[in-house]
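I have placed the structure first, in the form of structure tokens, so that the comments after it can refer back to it.
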Amino acid sequence: MKTKKLTISSLLIAMGVITGNIIFIPVGVSKCFPVQATINVVAAVMLGPGYGIAIAFCISLLRNILGTGSLLAFPGSMIGVFLAGILYRRTKSNLIAVVGEIFGTGILGGLLAFPIANLIMGKKVGALFFVAPFLTSTIGGSLIGFFILRGIDLKKLSNLNKEV
């Protein structure tokens with residue numbers, strides 16, 4: 001079973017890194033990346049919060065190394081997938097996982113981006129500057145992830161997201 005999880009994780013990381021060059025919305029010092037929200041929702045439901053966080057971290061790290069991301073990719077993506085995974089594990093509802101991703105990335109990630117931008121990146125922005133763009137990006141990406149999950153036969157994959 002771990003081989004399947006690692007394979008799916010690798011594919012999601014590759015998709016995230018490759019699309020990071022193609023699909024992004026520049027907003028000030030950040031690059032909003034709706035595909036990350038799609039990947040987060042799919043990873044949270046199929047693999048759980050632990051694998052989801054690892055996937056989000058790897059995508060953010062590789063995008064930063066390749067120059068297609070910013071430091072602001074870390075807080076939003078990792079918090080969003082964590083909340084989505086935890087909420088999905090408790091409710092078994094794809095829609096609740098989407099809500100967790102939107103709240104985690106859009107609100108919490110947007111708020112955590114402020115001190116990173118101010119203190120680490122040296123950019124002077126308002127405390128709520130990133131919330132609206134992060135929300136816009138994650139709503140679109142999360143909904144795409146929701147519809148992808150509707151098309152996947154999760155019954156065949158149901159034993160992937162078990163407590164480890």
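By convention in this document, the chains of the structure tokens carry letters A, B, ... by their order, each chain's residues are numbered from 1, and ligands are numbered from 1 in the order they are shown.
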Taking the chain letters and numbering used in this document, name the residues of chain A that DSSP puts in strand (DSSP E), as a list in words. Ile25, Pro26, Val27, Ser30, Lys31 and Cys32 of chain A
Would you save the residues of that selection, restricted to C-alpha atoms, as a short mmCIF file (atom, residue, chain, number, x, y, z; two decimals), in the first residue's frame?
data_model
loop_
_atom_site.label_atom_id
_atom_site.label_comp_id
_atom_site.auth_asym_id
_atom_site.auth_seq_id
_atom_site.Cartn_x
_atom_site.Cartn_y
_atom_site.Cartn_z
CA ILE A 25 -1.59 34.56 -10.77
CA PRO A 26 1.01 37.17 -9.76
CA VAL A 27 -0.13 39.29 -6.81
CA SER A 30 3.23 36.25 -4.19
CA LYS A 31 2.33 33.91 -7.02
CA CYS A 32 -1.14 32.49 -6.40
#
Using only C-alpha atoms, determine which residues lie at most 12 Å from A:Gln36, disregarding the query and same-chain residues fewer than 6 positions distant; provide the list as a VMD selection string. chain A and resid 12 to 20 23 to 24 42 to 44 52 to 53 55 to 60 63 69 73 to 74 76 to 81 101 to 102 105 134 137 to 145
Selected residue, from A:Ile152, A:Val45, A:Lys4, A:Ile39, that lies nearest to A:Arg90 when counting only C-alpha atoms: A:Val45
Looking only at the backbone, which of the residues in stretch 3-163 of chain A does DSSP tag as alpha helix (DSSP H), as an MDAnalysis selection string? chainID A and resid 3:19 34:47 49:66 73:91 94:101 110:115 131:151 154:157
Quick one: residues within 8 Å of A:Ala113, only C-alpha atoms counted, chain neighbours fewer than 4 positions away excluded, as number ranges by chain? A: 72, 75-76, 109, 117, 130
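Atom CA of A:Leu66 sits 24.9 Å away from atom CA of A:Lys124.
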With only C-alpha atoms as the atoms that count, which of A:Met46, A:Ile116, A:Leu62, A:Ala132 lies nearest to A:Ala97? A:Met46
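Take the candidates A:Leu111, A:Asn40, A:Val35, A:Ile22 and check each one against A:Ser9 using only C-alpha atoms; the shortest distance goes to A:Asn40.
You will find atom CA of A:Phe146 at 19.5 Å from atom CA of A:Gly50.
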